[in-house]
file input-v4.tsv (TSV, C-alpha atoms and all ligand atoms)
chain	number	residue	atom	x	y	z
A	1	HIS	CA	-13.68	8.75	-36.40
A	2	LEU	CA	-16.47	10.27	-34.36
A	3	THR	CA	-14.64	9.96	-31.08
A	4	LYS	CA	-11.37	11.65	-30.23
A	5	LEU	CA	-10.35	9.37	-27.37
A	6	PRO	CA	-11.40	5.89	-28.50
A	7	ASN	CA	-9.19	4.08	-26.00
A	8	ILE	CA	-10.08	6.01	-22.87
A	9	GLY	CA	-12.58	4.59	-20.38
A	10	THR	CA	-13.61	5.66	-16.88
A	11	ASN	CA	-10.52	6.45	-14.86
A	12	ILE	CA	-9.21	4.14	-12.20
A	13	PHE	CA	-9.86	6.51	-9.28
A	14	SER	CA	-13.57	6.63	-10.03
A	15	ILE	CA	-13.68	2.85	-10.48
A	16	MET	CA	-11.82	1.94	-7.29
A	17	SER	CA	-13.55	4.49	-5.06
A	18	ALA	CA	-16.95	3.32	-6.30
A	19	LEU	CA	-15.96	-0.32	-5.70
A	20	ALA	CA	-14.68	0.51	-2.21
A	21	ASN	CA	-17.95	2.29	-1.37
A	22	LYS	CA	-20.08	-0.50	-2.78
A	23	HIS	CA	-18.28	-3.16	-0.74
A	24	ASP	CA	-17.76	-1.06	2.36
A	25	ALA	CA	-13.99	-1.38	2.04
A	26	ILE	CA	-11.33	0.89	3.55
A	27	ASN	CA	-10.51	3.21	0.70
A	28	LEU	CA	-6.76	3.67	0.30
A	29	SER	CA	-7.13	3.90	-3.47
A	30	GLN	CA	-7.99	7.43	-4.67
A	31	GLY	CA	-5.65	9.98	-3.09
A	32	PHE	CA	-7.48	12.15	-0.59
A	33	PRO	CA	-7.28	12.71	3.17
A	34	ASN	CA	-10.03	11.33	5.41
A	35	PHE	CA	-9.39	13.88	8.15
A	36	LYS	CA	-10.55	17.47	8.46
A	37	SER	CA	-8.76	20.51	7.11
A	38	ASP	CA	-7.99	23.60	9.21
A	39	PRO	CA	-11.24	25.26	10.45
A	40	LEU	CA	-9.53	28.66	10.12
A	41	LEU	CA	-9.27	28.22	6.35
A	42	LYS	CA	-12.97	27.33	6.12
A	43	ASP	CA	-13.83	30.38	8.23
A	44	LEU	CA	-11.79	32.60	5.94
A	45	VAL	CA	-13.58	31.26	2.86
A	46	SER	CA	-17.00	31.79	4.53
A	47	LYS	CA	-15.97	35.31	5.47
A	48	ALA	CA	-14.92	35.99	1.88
A	49	MET	CA	-18.40	34.94	0.76
A	50	GLN	CA	-20.04	37.12	3.38
A	51	ASN	CA	-17.78	40.02	2.48
A	52	GLY	CA	-18.86	40.06	-1.14
A	53	TYR	CA	-16.26	38.04	-3.02
A	54	ASN	CA	-18.99	36.41	-5.06
A	55	GLN	CA	-18.44	37.72	-8.57
A	56	TYR	CA	-15.77	36.86	-11.13
A	57	ALA	CA	-12.19	37.05	-9.97
A	58	PRO	CA	-9.73	38.72	-12.34
A	59	MET	CA	-8.75	36.24	-15.08
A	60	PRO	CA	-5.20	35.55	-13.71
A	61	GLY	CA	-6.48	35.29	-10.12
A	62	ASN	CA	-7.30	37.41	-7.08
A	63	LEU	CA	-4.17	39.58	-6.90
A	64	GLU	CA	-3.76	39.04	-3.14
A	65	LEU	CA	-3.49	35.32	-3.75
A	66	ASN	CA	-1.06	35.73	-6.65
A	67	LYS	CA	1.06	37.93	-4.38
A	68	ALA	CA	0.96	35.42	-1.54
A	69	ILE	CA	2.15	32.69	-3.94
A	70	SER	CA	4.90	34.95	-5.25
A	71	ARG	CA	6.10	35.55	-1.67
A	72	LYS	CA	6.10	31.82	-1.06
A	73	PHE	CA	8.45	31.23	-4.00
A	74	GLU	CA	10.79	33.89	-2.66
A	75	ARG	CA	10.77	32.46	0.84
A	76	LEU	CA	11.11	28.79	-0.06
A	77	TYR	CA	13.09	28.79	-3.26
A	78	GLY	CA	14.76	32.21	-3.32
A	79	THR	CA	13.34	33.05	-6.73
A	80	SER	CA	10.46	35.20	-7.86
A	81	TYR	CA	7.48	35.01	-10.18
A	82	HIS	CA	5.69	38.24	-10.95
A	83	PRO	CA	2.24	38.05	-9.33
A	84	GLU	CA	0.46	39.76	-12.21
A	85	THR	CA	2.17	38.27	-15.24
A	86	GLU	CA	3.70	34.94	-14.19
A	87	ILE	CA	1.18	33.25	-11.88
A	88	THR	CA	-2.35	32.07	-12.76
A	89	ILE	CA	-4.86	30.53	-10.36
A	90	THR	CA	-6.55	27.40	-11.73
A	91	ALA	CA	-9.26	24.87	-10.91
A	92	GLY	CA	-6.81	22.41	-9.40
A	93	ALA	CA	-3.55	21.33	-10.98
A	94	THR	CA	-5.53	19.24	-13.47
A	95	GLN	CA	-6.92	22.29	-15.25
A	96	ALA	CA	-3.50	23.92	-15.29
A	97	ILE	CA	-1.95	20.79	-16.84
A	98	PHE	CA	-4.67	20.46	-19.45
A	99	THR	CA	-4.41	24.14	-20.37
A	100	ILE	CA	-0.61	24.03	-20.68
A	101	ILE	CA	-0.84	21.06	-23.02
A	102	SER	CA	-3.68	22.67	-24.96
A	103	ALA	CA	-1.77	25.94	-25.37
A	104	PHE	CA	1.36	24.33	-26.81
A	105	ILE	CA	0.81	20.86	-28.26
A	106	ARG	CA	-0.04	20.59	-31.93
A	107	GLN	CA	-0.49	17.66	-34.31
A	108	ASP	CA	2.57	15.36	-34.25
A	109	ASP	CA	4.41	17.22	-31.50
A	110	GLU	CA	6.21	14.82	-29.21
A	111	VAL	CA	5.92	14.88	-25.44
A	112	ILE	CA	8.32	12.86	-23.33
A	113	LEU	CA	7.09	11.56	-20.00
A	114	PHE	CA	8.10	8.92	-17.49
A	115	LYS	CA	6.06	5.82	-16.72
A	116	PRO	CA	4.44	4.91	-14.43
A	117	ALA	CA	2.82	8.33	-14.86
A	118	TYR	CA	-0.18	10.09	-13.34
A	119	ASP	CA	-3.14	9.60	-15.63
A	120	CYS	CA	-4.14	13.10	-16.77
A	121	TYR	CA	-1.21	13.92	-19.05
A	122	GLU	CA	-1.59	11.42	-21.85
A	123	PRO	CA	-5.26	11.96	-22.82
A	124	ALA	CA	-4.64	15.72	-23.05
A	125	ILE	CA	-1.67	15.11	-25.35
A	126	GLU	CA	-3.71	12.72	-27.51
A	127	LEU	CA	-6.65	15.13	-27.71
A	128	HIS	CA	-4.38	17.74	-29.24
A	129	GLY	CA	-2.83	15.39	-31.78
A	130	GLY	CA	0.45	15.07	-29.91
A	131	LYS	CA	2.43	11.90	-29.45
A	132	THR	CA	3.45	10.58	-26.05
A	133	ILE	CA	7.00	9.26	-25.90
A	134	ALA	CA	7.05	7.18	-22.74
A	135	ILE	CA	10.24	6.34	-20.95
A	136	GLN	CA	9.76	3.30	-18.79
A	137	LEU	CA	11.09	3.36	-15.25
A	138	ALA	CA	11.60	0.13	-13.36
A	139	ALA	CA	10.51	-0.83	-9.85
A	140	PRO	CA	11.58	-0.53	-7.12
A	141	ASN	CA	13.81	2.52	-7.65
A	142	TYR	CA	12.11	4.06	-10.70
A	143	SER	CA	15.34	5.92	-11.43
A	144	ILE	CA	15.90	7.69	-14.76
A	145	ASP	CA	18.60	6.86	-17.26
A	146	TRP	CA	19.12	10.32	-18.71
A	147	ASN	CA	21.12	8.96	-21.63
A	148	ALA	CA	17.95	7.15	-22.71
A	149	VAL	CA	16.10	10.46	-22.48
A	150	ARG	CA	18.78	12.20	-24.52
A	151	GLU	CA	18.33	9.63	-27.29
A	152	LYS	CA	14.61	10.45	-27.55
A	153	VAL	CA	15.07	14.20	-27.83
A	154	HIS	CA	14.98	15.58	-31.36
A	155	SER	CA	13.42	18.39	-33.38
A	156	LYS	CA	9.84	17.19	-32.81
A	157	THR	CA	10.20	17.13	-29.03
A	158	LYS	CA	7.97	19.93	-27.82
A	159	MET	CA	7.62	19.17	-24.14
A	160	ILE	CA	8.99	17.05	-21.30
A	161	ILE	CA	6.71	16.33	-18.35
A	162	ILE	CA	8.24	15.62	-14.97
A	163	ASN	CA	6.56	15.01	-11.63
A	164	THR	CA	8.48	15.22	-8.36
A	165	PRO	CA	7.63	13.95	-5.76
A	166	GLN	CA	6.18	11.38	-8.12
A	167	ASN	CA	2.69	9.90	-8.15
A	168	PRO	CA	2.37	6.87	-8.12
A	169	SER	CA	5.88	5.66	-7.26
A	170	GLY	CA	6.62	7.96	-4.30
A	171	THR	CA	10.11	8.69	-5.68
A	172	VAL	CA	11.71	12.13	-5.87
A	173	PHE	CA	14.11	13.78	-8.31
A	174	THR	CA	17.63	14.51	-7.09
A	175	GLU	CA	19.73	17.54	-7.92
A	176	ALA	CA	21.57	15.35	-10.44
A	177	ASP	CA	18.26	14.58	-12.19
A	178	MET	CA	17.44	18.26	-12.48
A	179	LEU	CA	20.91	19.14	-13.76
A	180	ALA	CA	20.66	16.37	-16.37
A	181	LEU	CA	17.28	17.69	-17.50
A	182	GLN	CA	18.63	21.22	-17.62
A	183	ASP	CA	21.56	20.06	-19.70
A	184	ILE	CA	19.43	18.03	-22.15
A	185	THR	CA	17.04	20.92	-22.79
A	186	LYS	CA	19.77	23.55	-23.16
A	187	ASN	CA	19.70	25.31	-26.54
A	188	THR	CA	16.34	23.74	-27.44
A	189	ASN	CA	12.80	25.15	-27.51
A	190	ILE	CA	11.50	22.36	-25.29
A	191	ILE	CA	8.95	23.36	-22.68
A	192	VAL	CA	9.12	21.56	-19.34
A	193	LEU	CA	5.92	20.86	-17.45
A	194	SER	CA	7.02	20.30	-13.87
A	195	ASP	CA	4.11	18.88	-11.89
A	196	GLU	CA	4.99	19.75	-8.29
A	197	VAL	CA	1.67	19.16	-6.54
A	198	TYR	CA	3.45	17.22	-3.75
A	199	GLU	CA	6.18	19.83	-3.21
A	200	HIS	CA	5.40	20.04	0.53
A	201	ILE	CA	5.26	16.28	1.09
A	202	ILE	CA	8.87	15.11	1.00
A	203	PHE	CA	10.57	12.91	3.57
A	204	ASP	CA	13.80	12.01	5.37
A	205	GLY	CA	15.23	15.51	5.13
A	206	ASN	CA	15.24	15.54	1.31
A	207	LYS	CA	14.86	18.92	-0.35
A	208	HIS	CA	12.19	19.41	-3.00
A	209	GLN	CA	13.80	19.90	-6.40
A	210	SER	CA	11.63	22.57	-7.93
A	211	ALA	CA	12.29	23.48	-11.54
A	212	CYS	CA	12.43	27.11	-10.42
A	213	LEU	CA	15.71	26.46	-8.58
A	214	TYR	CA	17.58	26.01	-11.88
A	215	PRO	CA	17.64	29.24	-13.93
A	216	ASP	CA	17.76	27.64	-17.39
A	217	LEU	CA	15.00	25.24	-16.43
A	218	LYS	CA	12.93	27.95	-14.80
A	219	ALA	CA	12.96	29.94	-18.03
A	220	ARG	CA	11.37	27.07	-19.99
A	221	SER	CA	9.14	25.53	-17.31
A	222	PHE	CA	5.59	25.64	-16.13
A	223	ILE	CA	5.26	24.62	-12.50
A	224	THR	CA	1.86	23.26	-11.43
A	225	ALA	CA	0.65	23.18	-7.83
A	226	SER	CA	-2.46	22.10	-5.92
A	227	PHE	CA	-3.98	23.59	-2.76
A	228	GLY	CA	-5.98	20.37	-2.43
A	229	LYS	CA	-2.86	18.38	-1.54
A	230	THR	CA	-1.37	21.04	0.69
A	231	PHE	CA	-4.43	22.06	2.70
A	232	HIS	CA	-6.33	18.72	2.87
A	233	ASN	CA	-9.26	19.75	0.70
A	234	THR	CA	-8.98	17.98	-2.64
A	235	GLY	CA	-12.68	18.63	-3.27
A	236	TRP	CA	-12.12	22.36	-3.59
A	237	LYS	CA	-10.17	21.84	-6.83
A	238	MET	CA	-7.95	24.89	-6.36
A	239	GLY	CA	-4.43	25.20	-7.72
A	240	TYR	CA	-2.13	27.40	-9.72
A	241	CYS	CA	0.69	27.47	-12.21
A	242	CYS	CA	3.72	29.69	-12.75
A	243	ALA	CA	5.94	30.35	-15.74
A	244	ALA	CA	7.98	33.07	-17.39
A	245	LYS	CA	5.85	35.91	-18.76
A	246	GLU	CA	6.02	34.90	-22.46
A	247	LEU	CA	4.94	31.35	-21.65
A	248	MET	CA	2.21	32.53	-19.30
A	249	GLU	CA	0.79	34.83	-21.97
A	250	GLU	CA	0.19	31.81	-24.20
A	251	PHE	CA	-1.31	29.88	-21.28
A	252	ARG	CA	-3.78	32.67	-20.58
A	253	LYS	CA	-4.97	32.79	-24.18
A	254	VAL	CA	-6.45	29.35	-23.54
A	255	HIS	CA	-7.29	29.77	-19.85
A	256	GLN	CA	-9.52	32.79	-20.48
A	257	PHE	CA	-11.71	30.74	-22.80
A	258	ASN	CA	-11.86	27.38	-21.07
A	259	VAL	CA	-12.65	28.70	-17.59
A	260	PHE	CA	-11.83	32.44	-17.57
A	261	SER	CA	-11.28	32.55	-13.81
A	262	VAL	CA	-11.85	30.24	-10.85
A	263	ASN	CA	-13.80	30.23	-7.57
A	264	HIS	CA	-13.38	33.71	-6.11
A	265	PRO	CA	-14.31	33.30	-2.42
A	266	MET	CA	-11.92	30.37	-2.14
A	267	GLN	CA	-9.16	32.45	-3.72
A	268	LYS	CA	-9.75	35.23	-1.22
A	269	GLY	CA	-9.90	32.77	1.71
A	270	LEU	CA	-6.65	31.12	0.59
A	271	ALA	CA	-4.98	34.52	0.17
A	272	ASP	CA	-5.89	35.46	3.74
A	273	TYR	CA	-4.78	32.06	5.04
A	274	LEU	CA	-1.41	32.39	3.30
A	275	GLN	CA	-0.72	35.67	5.12
A	276	GLU	CA	0.43	33.37	7.91
A	277	PRO	CA	3.09	31.51	5.95
A	278	ASN	CA	3.63	28.50	8.17
A	279	HIS	CA	0.77	26.21	7.22
A	280	TYR	CA	2.65	24.13	4.70
A	281	LEU	CA	5.93	23.89	6.59
A	282	GLU	CA	4.85	21.04	8.87
A	283	LEU	CA	3.24	18.96	6.17
A	284	SER	CA	6.28	16.81	5.45
A	285	SER	CA	6.77	15.73	9.07
A	286	PHE	CA	3.01	15.21	9.45
A	287	TYR	CA	2.95	12.80	6.49
A	288	GLN	CA	6.29	11.22	7.33
A	289	GLU	CA	4.78	10.08	10.64
A	290	LYS	CA	1.86	8.56	8.75
A	291	ARG	CA	4.16	6.79	6.32
A	292	ASP	CA	6.29	5.47	9.17
A	293	LEU	CA	3.26	4.27	11.10
A	294	PHE	CA	1.83	2.49	8.07
A	295	LEU	CA	5.14	0.81	7.21
A	296	ARG	CA	5.80	-0.18	10.82
A	297	LEU	CA	2.37	-1.77	11.01
A	298	ILE	CA	2.81	-3.84	7.84
A	299	LYS	CA	6.49	-4.73	8.20
A	300	ASP	CA	5.73	-8.40	8.87
A	301	SER	CA	3.21	-8.71	6.05
A	302	ARG	CA	4.01	-10.50	2.81
A	303	PHE	CA	4.13	-7.21	0.90
A	304	GLN	CA	7.58	-5.86	0.04
A	305	PHE	CA	8.41	-2.20	-0.15
A	306	GLN	CA	10.89	0.63	-0.19
A	307	ALA	CA	9.67	3.59	1.84
A	308	ALA	CA	8.14	6.38	-0.24
A	309	LYS	CA	10.39	9.43	-0.42
A	310	GLY	CA	7.53	11.83	-1.02
A	311	THR	CA	3.76	12.12	-1.82
A	312	TYR	CA	1.11	10.44	0.33
A	313	PHE	CA	1.33	7.18	-1.57
A	314	GLN	CA	3.18	3.98	-0.75
A	315	VAL	CA	3.67	1.29	-3.38
A	316	LEU	CA	3.68	-2.32	-2.18
A	317	ASP	CA	4.98	-5.28	-4.18
A	318	PHE	CA	2.65	-8.27	-3.85
A	319	SER	CA	4.61	-10.79	-5.92
A	320	GLU	CA	5.12	-13.09	-2.88
A	321	ILE	CA	1.37	-13.27	-2.40
A	322	THR	CA	-0.03	-13.90	-5.86
A	323	GLN	CA	0.85	-13.76	-9.54
A	324	GLU	CA	-2.58	-12.36	-10.47
A	325	TYR	CA	-2.97	-9.42	-12.87
A	326	ASP	CA	-2.74	-6.41	-10.54
A	327	VAL	CA	-6.15	-5.05	-11.58
A	328	ASP	CA	-7.78	-8.37	-10.63
A	329	PHE	CA	-5.89	-8.51	-7.36
A	330	ALA	CA	-6.86	-4.91	-6.47
A	331	LYS	CA	-10.53	-5.70	-7.12
A	332	ARG	CA	-10.41	-8.96	-5.16
A	333	LEU	CA	-8.70	-7.23	-2.24
A	334	THR	CA	-11.47	-4.62	-2.22
A	335	ILE	CA	-14.39	-7.02	-2.53
A	336	GLU	CA	-13.18	-9.92	-0.38
A	337	ASN	CA	-10.76	-8.33	2.08
A	338	LYS	CA	-12.25	-4.83	2.26
A	339	VAL	CA	-9.23	-2.69	1.54
A	340	ALA	CA	-8.83	-0.81	-1.73
A	341	GLY	CA	-5.62	0.25	-3.51
A	342	ILE	CA	-4.71	1.27	-7.06
A	343	PRO	CA	-3.10	-1.27	-9.43
A	344	LEU	CA	0.08	0.26	-10.83
A	345	SER	CA	-0.38	-1.09	-14.34
A	346	VAL	CA	-3.00	1.57	-15.07
A	347	PHE	CA	-0.21	4.15	-14.95
A	348	ASN	CA	2.00	1.88	-16.97
A	349	GLU	CA	0.61	0.82	-20.39
A	350	ASN	CA	-1.41	-1.89	-18.59
A	351	ASN	CA	1.80	-3.81	-18.07
A	352	LYS	CA	0.70	-7.26	-16.92
A	353	ASP	CA	4.07	-7.86	-15.27
A	354	ASP	CA	3.46	-5.20	-12.66
A	355	LYS	CA	2.88	-6.78	-9.27
A	356	VAL	CA	2.46	-3.57	-7.35
A	357	LEU	CA	-0.43	-1.72	-5.70
A	358	ARG	CA	-0.45	1.92	-4.58
A	359	PHE	CA	-1.96	2.76	-1.19
A	360	CYS	CA	-2.78	6.27	0.05
A	361	PHE	CA	-1.69	6.90	3.64
A	362	ALA	CA	-3.38	10.32	4.00
A	363	LYS	CA	-5.69	8.70	6.54
A	364	THR	CA	-6.34	8.81	10.27
A	365	ASP	CA	-4.10	6.53	12.34
A	366	GLU	CA	-7.18	4.48	13.16
A	367	THR	CA	-7.90	3.87	9.46
A	368	LEU	CA	-4.27	2.97	8.81
A	369	LYS	CA	-4.33	0.47	11.70
A	370	LYS	CA	-7.49	-1.20	10.41
A	371	ALA	CA	-6.07	-1.40	6.89
A	372	ALA	CA	-2.77	-2.81	8.19
A	373	ASP	CA	-4.60	-5.52	10.15
A	374	ILE	CA	-6.12	-6.66	6.88
A	375	LEU	CA	-2.94	-6.40	4.81
A	376	ASN	CA	-1.03	-8.39	7.43
A	377	ASN	CA	-3.38	-11.33	6.91
A	378	ILE	CA	-3.20	-11.48	3.11
B	1	LIG	N1	-0.78	15.82	-10.60
B	1	LIG	C1	-0.58	14.81	-9.77
B	1	LIG	C2	0.71	14.07	-9.83
B	1	LIG	C3	-1.59	14.42	-8.88
B	1	LIG	O1	-1.40	13.39	-8.06
B	1	LIG	C4	-2.80	15.14	-8.86
B	1	LIG	C5	-3.91	14.77	-7.93
B	1	LIG	N2	-4.04	13.45	-7.69
B	1	LIG	C6	-2.96	16.19	-9.74
B	1	LIG	C7	-1.93	16.52	-10.59
B	1	LIG	C8	-4.22	16.98	-9.80
B	1	LIG	O2	-4.36	17.89	-8.77
B	1	LIG	P1	-5.76	18.63	-8.51
B	1	LIG	O3	-6.58	17.73	-7.69
B	1	LIG	O4	-5.35	19.89	-7.82
B	1	LIG	O5	-6.37	18.89	-9.84
B	2	LIG	N1	-4.72	12.55	-7.67
B	2	LIG	C1	-5.49	11.54	-7.02
B	2	LIG	C2	-4.75	10.23	-7.00
B	2	LIG	O1	-3.70	10.07	-7.58
B	2	LIG	C3	-6.83	11.28	-7.67
B	2	LIG	C4	-7.40	12.35	-8.49
B	2	LIG	C5	-8.63	11.87	-9.19
B	2	LIG	O2	-9.45	11.19	-8.61
B	2	LIG	N2	-8.75	12.15	-10.42
B	2	LIG	O3	-5.23	9.32	-6.40

call {"tool": "encode", "arguments": {"input": "input-v4.tsv", "output": "structure tokens"}}
result
Amino acid sequence: HLTKLPNIGTNIFSIMSALANKHDAINLSQGFPNFKSDPLLKDLVSKAMQNGYNQYAPMPGNLELNKAISRKFERLYGTSYHPETEITITAGATQAIFTIISAFIRQDDEVILFKPAYDCYEPAIELHGGKTIAIQLAAPNYSIDWNAVREKVHSKTKMIIINTPQNPSGTVFTEADMLALQDITKNTNIIVLSDEVYEHIIFDGNKHQSACLYPDLKARSFITASFGKTFHNTGWKMGYCCAAKELMEEFRKVHQFNVFSVNHPMQKGLADYLQEPNHYLELSSFYQEKRDLFLRLIKDSRFQFQAAKGTYFQVLDFSEITQEYDVDFAKRLTIENKVAGIPLSVFNENNKDDKVLRFCFAKTDETLKKAADILNNI
């Protein structure tokens, strides 16, 4: 009983990126862009450093940044979060997610989430004595049977975690999904953690279904966001979360002691950058072109797919190529063929029936072409 997370090893992103580097493979595994971010944003961060933003930011965030985020919610979603009491700047979405779970999950509390799921939720739940109630979604549509969710909700249900656009499947919630969630949580004390880090990467004219668009949901939800995804600098680890004042007060009780506040010059640089509100508006069409290029290039390969509806990930079914365990296939593809992806079973209770790999298309066209040449010959 010395360890709190006996079943957790090194995460798959570290493993696959290291393997890709070691074998000089094209790395479409861990999700990050391989092109440069806007030089203006870097200039603004450097200026913030030169202009003295080098000491602690206020605990909730640099107020200019909180205000810029508040304006963004008004502009995009027609709803407001108070910059001082309802928005907190965090070290990436990961820290926000961990802190939300830490602030609310006690021994034996149940947390419902949907699998395949991004990997940072479950260890945080386990660490706090909570119990993950996983609802399995099936390829290729990964759609949710809300009656099955309703059956799992009872007095111990403390939280429901959703993620739209969804990593790893590339699916998105519809209005009907959000209304079903709103209905199921009505008259309960359930907190919703709505992980919306890919809010600006949604395709084919679909509209992002933010929890803040639904008043009853908004009142019980934390929304988490990541500047890394939006501004092509995942290494900065900058993000934020929003929630109603009473929820945010509880969040900050933990936040102030696990980090207190986050990187101040970057906050100031981002606040200045967001004065010009158009940077994120073209992101969906930018990534839709990448998705379309990638899928056009591999359309005659032996992989099968449905186009991702959001995120910068595309899942490919390899069942016509091999019946190998997906982890073995992903490693072999990296070592022998020199292209790396993420095996879906790691998001999915290590389900050996999964025959799907996730590939990140946040890459230059040249990289996507080279990767496609390889995938076409598998
Ligand atoms: N949630 C999801 C669904 C993600 O894909 C990621 C990043 N891969 C995060 C949260 C974490 O974001 P950040 O890098 O800002 O911590
Ligand atoms: N979010 C990224 C992904 O899904 C990876 C983040 C990480 O490396 N922990 O690939």

call {"tool": "closest_atom_pairs", "arguments": {"input": "input-v4.tsv", "of": "chain A", "to": "ligand LIG 1 (chain B)", "cutoff": "10 Å", "atoms": "only C-alpha atoms and all ligand atoms", "output": "Markdown table"}}
result
| residue | atom | partner | partner_atom | distance |
| --- | --- | --- | --- | --- |
| A:Phe13 | CA | B:LIG1 | N2 | 9.2 |
| A:Gln30 | CA | B:LIG1 | N2 | 7.8 |
| A:Gly31 | CA | B:LIG1 | N2 | 6.0 |
| A:Phe32 | CA | B:LIG1 | N2 | 8.0 |
| A:Thr90 | CA | B:LIG1 | O4 | 8.6 |
| A:Ala91 | CA | B:LIG1 | O5 | 6.7 |
| A:Gly92 | CA | B:LIG1 | O4 | 3.3 |
| A:Ala93 | CA | B:LIG1 | O5 | 3.9 |
| A:Thr94 | CA | B:LIG1 | O5 | 3.7 |
| A:Gln95 | CA | B:LIG1 | O5 | 6.4 |
| A:Ala96 | CA | B:LIG1 | O5 | 8.0 |
| A:Ile97 | CA | B:LIG1 | C7 | 7.6 |
| A:Phe98 | CA | B:LIG1 | O5 | 9.9 |
| A:Ala117 | CA | B:LIG1 | C2 | 7.9 |
| A:Tyr118 | CA | B:LIG1 | C2 | 5.4 |
| A:Asp119 | CA | B:LIG1 | C1 | 8.2 |
| A:Cys120 | CA | B:LIG1 | C7 | 7.4 |
| A:Tyr121 | CA | B:LIG1 | N1 | 8.7 |
| A:Ile162 | CA | B:LIG1 | C2 | 9.2 |
| A:Asn163 | CA | B:LIG1 | C2 | 6.2 |
| A:Thr164 | CA | B:LIG1 | C2 | 8.0 |
| A:Pro165 | CA | B:LIG1 | C2 | 8.0 |
| A:Gln166 | CA | B:LIG1 | C2 | 6.3 |
| A:Asn167 | CA | B:LIG1 | C2 | 4.9 |
| A:Pro168 | CA | B:LIG1 | O1 | 7.5 |
| A:Ser194 | CA | B:LIG1 | N1 | 9.6 |
| A:Asp195 | CA | B:LIG1 | N1 | 5.9 |
| A:Glu196 | CA | B:LIG1 | C2 | 7.3 |
| A:Val197 | CA | B:LIG1 | N1 | 5.8 |
| A:Tyr198 | CA | B:LIG1 | C2 | 7.4 |
| A:Thr224 | CA | B:LIG1 | C7 | 7.8 |
| A:Ala225 | CA | B:LIG1 | O4 | 6.8 |
| A:Ser226 | CA | B:LIG1 | O4 | 4.1 |
| A:Phe227 | CA | B:LIG1 | O4 | 6.4 |
| A:Gly228 | CA | B:LIG1 | O4 | 5.4 |
| A:Lys229 | CA | B:LIG1 | O4 | 6.9 |
| A:Thr230 | CA | B:LIG1 | O4 | 9.5 |
| A:Asn233 | CA | B:LIG1 | O3 | 9.0 |
| A:Thr234 | CA | B:LIG1 | O3 | 5.6 |
| A:Gly235 | CA | B:LIG1 | O3 | 7.6 |
| A:Trp236 | CA | B:LIG1 | O3 | 8.3 |
| A:Lys237 | CA | B:LIG1 | O4 | 5.3 |
| A:Met238 | CA | B:LIG1 | O4 | 5.8 |
| A:Gly239 | CA | B:LIG1 | O4 | 5.4 |
| A:Tyr240 | CA | B:LIG1 | O4 | 8.4 |
| A:Thr311 | CA | B:LIG1 | O1 | 8.2 |
| A:Tyr312 | CA | B:LIG1 | O1 | 9.2 |
| A:Phe313 | CA | B:LIG1 | O1 | 9.4 |

call {"tool": "closest_residue", "arguments": {"input": "input-v4.tsv", "among": "A:Ala57, A:Val172, A:Cys212, A:Ala307", "to": "A:Thr88", "atoms": "only C-alpha atoms"}}
result
A:Ala57

call {"tool": "closest_atom_pairs", "arguments": {"input": "input-v4.tsv", "of": "stretch 47-150 of chain A", "to": "stretch 203-210 of chain A", "cutoff": "12 Å", "atoms": "all atoms listed in the file", "output": "tab-separated table"}}
result
residue	atom	partner	partner_atom	distance
A:Phe73	CA	A:Ser210	CA	10.0
A:Leu76	CA	A:His208	CA	9.9
A:Tyr77	CA	A:Ser210	CA	7.9
A:Gly78	CA	A:Ser210	CA	11.1
A:Thr79	CA	A:Ser210	CA	10.7

call {"tool": "atom_distance", "arguments": {"input": "input-v4.tsv", "atom1": "atom CA of A:Glu276", "atom2": "atom CA of A:Ser37"}}
result
15.8 Å

call {"tool": "atom_distance", "arguments": {"input": "input-v4.tsv", "atom1": "atom CA of A:Pro116", "atom2": "atom CA of A:Leu344"}}
result
7.3 Å

call {"tool": "closest_residue", "arguments": {"input": "input-v4.tsv", "among": "A:Ile374, A:Leu283, A:Ile342, A:Met266", "to": "ligand LIG 2 (chain B)", "atoms": "all atoms listed in the file"}}
result
A:Ile342

call {"tool": "atom_distance", "arguments": {"input": "input-v4.tsv", "atom1": "atom CA of A:Gly129", "atom2": "atom CA of A:Ile100"}}
result
14.2 Å

call {"tool": "residues_around", "arguments": {"input": "input-v4.tsv", "residues": "A:Asp24", "least_positions_apart": "6", "cutoff": "10 Å", "atoms": "only C-alpha atoms", "output": "PyMOL selection string"}}
result
chain A and resi 18+334-335+338-340

call {"tool": "residues_around", "arguments": {"input": "input-v4.tsv", "residues": "stretch 103-115 of chain A", "least_positions_apart": "3", "cutoff": "6 Å", "atoms": "all atoms listed in the file", "output": "MDAnalysis selection string"}}
result
chainID A and resid 99:100 128:137 156:161 251 348

call {"tool": "closest_residue", "arguments": {"input": "input-v4.tsv", "among": "A:Ser155, A:Asn7, A:Ser169, A:Asn141", "to": "ligand LIG 2 (chain B)", "atoms": "all atoms listed in the file"}}
result
A:Ser169

call {"tool": "closest_residue", "arguments": {"input": "input-v4.tsv", "among": "A:Tyr287, A:Phe222, A:Phe347, A:Tyr142", "to": "A:Asp365", "atoms": "all atoms listed in the file"}}
result
A:Tyr287

call {"tool": "residues_around", "arguments": {"input": "input-v4.tsv", "residues": "A:Glu84", "least_positions_apart": "2", "cutoff": "10 Å", "atoms": "all atoms listed in the file", "output": "list in words"}}
result
Pro60, Gly61, Asn62, Leu63, Asn66, Lys67, Ser70, Tyr81, His82, Glu86, Ile87, Thr88 and Lys245 of chain A

call {"tool": "closest_residue", "arguments": {"input": "input-v4.tsv", "among": "A:Phe231, A:Phe303, A:Phe257, A:Phe286", "to": "A:Leu270", "atoms": "only C-alpha atoms"}}
result
A:Phe231

call {"tool": "closest_residue", "arguments": {"input": "input-v4.tsv", "among": "A:Ile202, A:Leu297, A:Ala148, A:Val327", "to": "A:Ile184", "atoms": "only C-alpha atoms"}}
result
A:Ala148
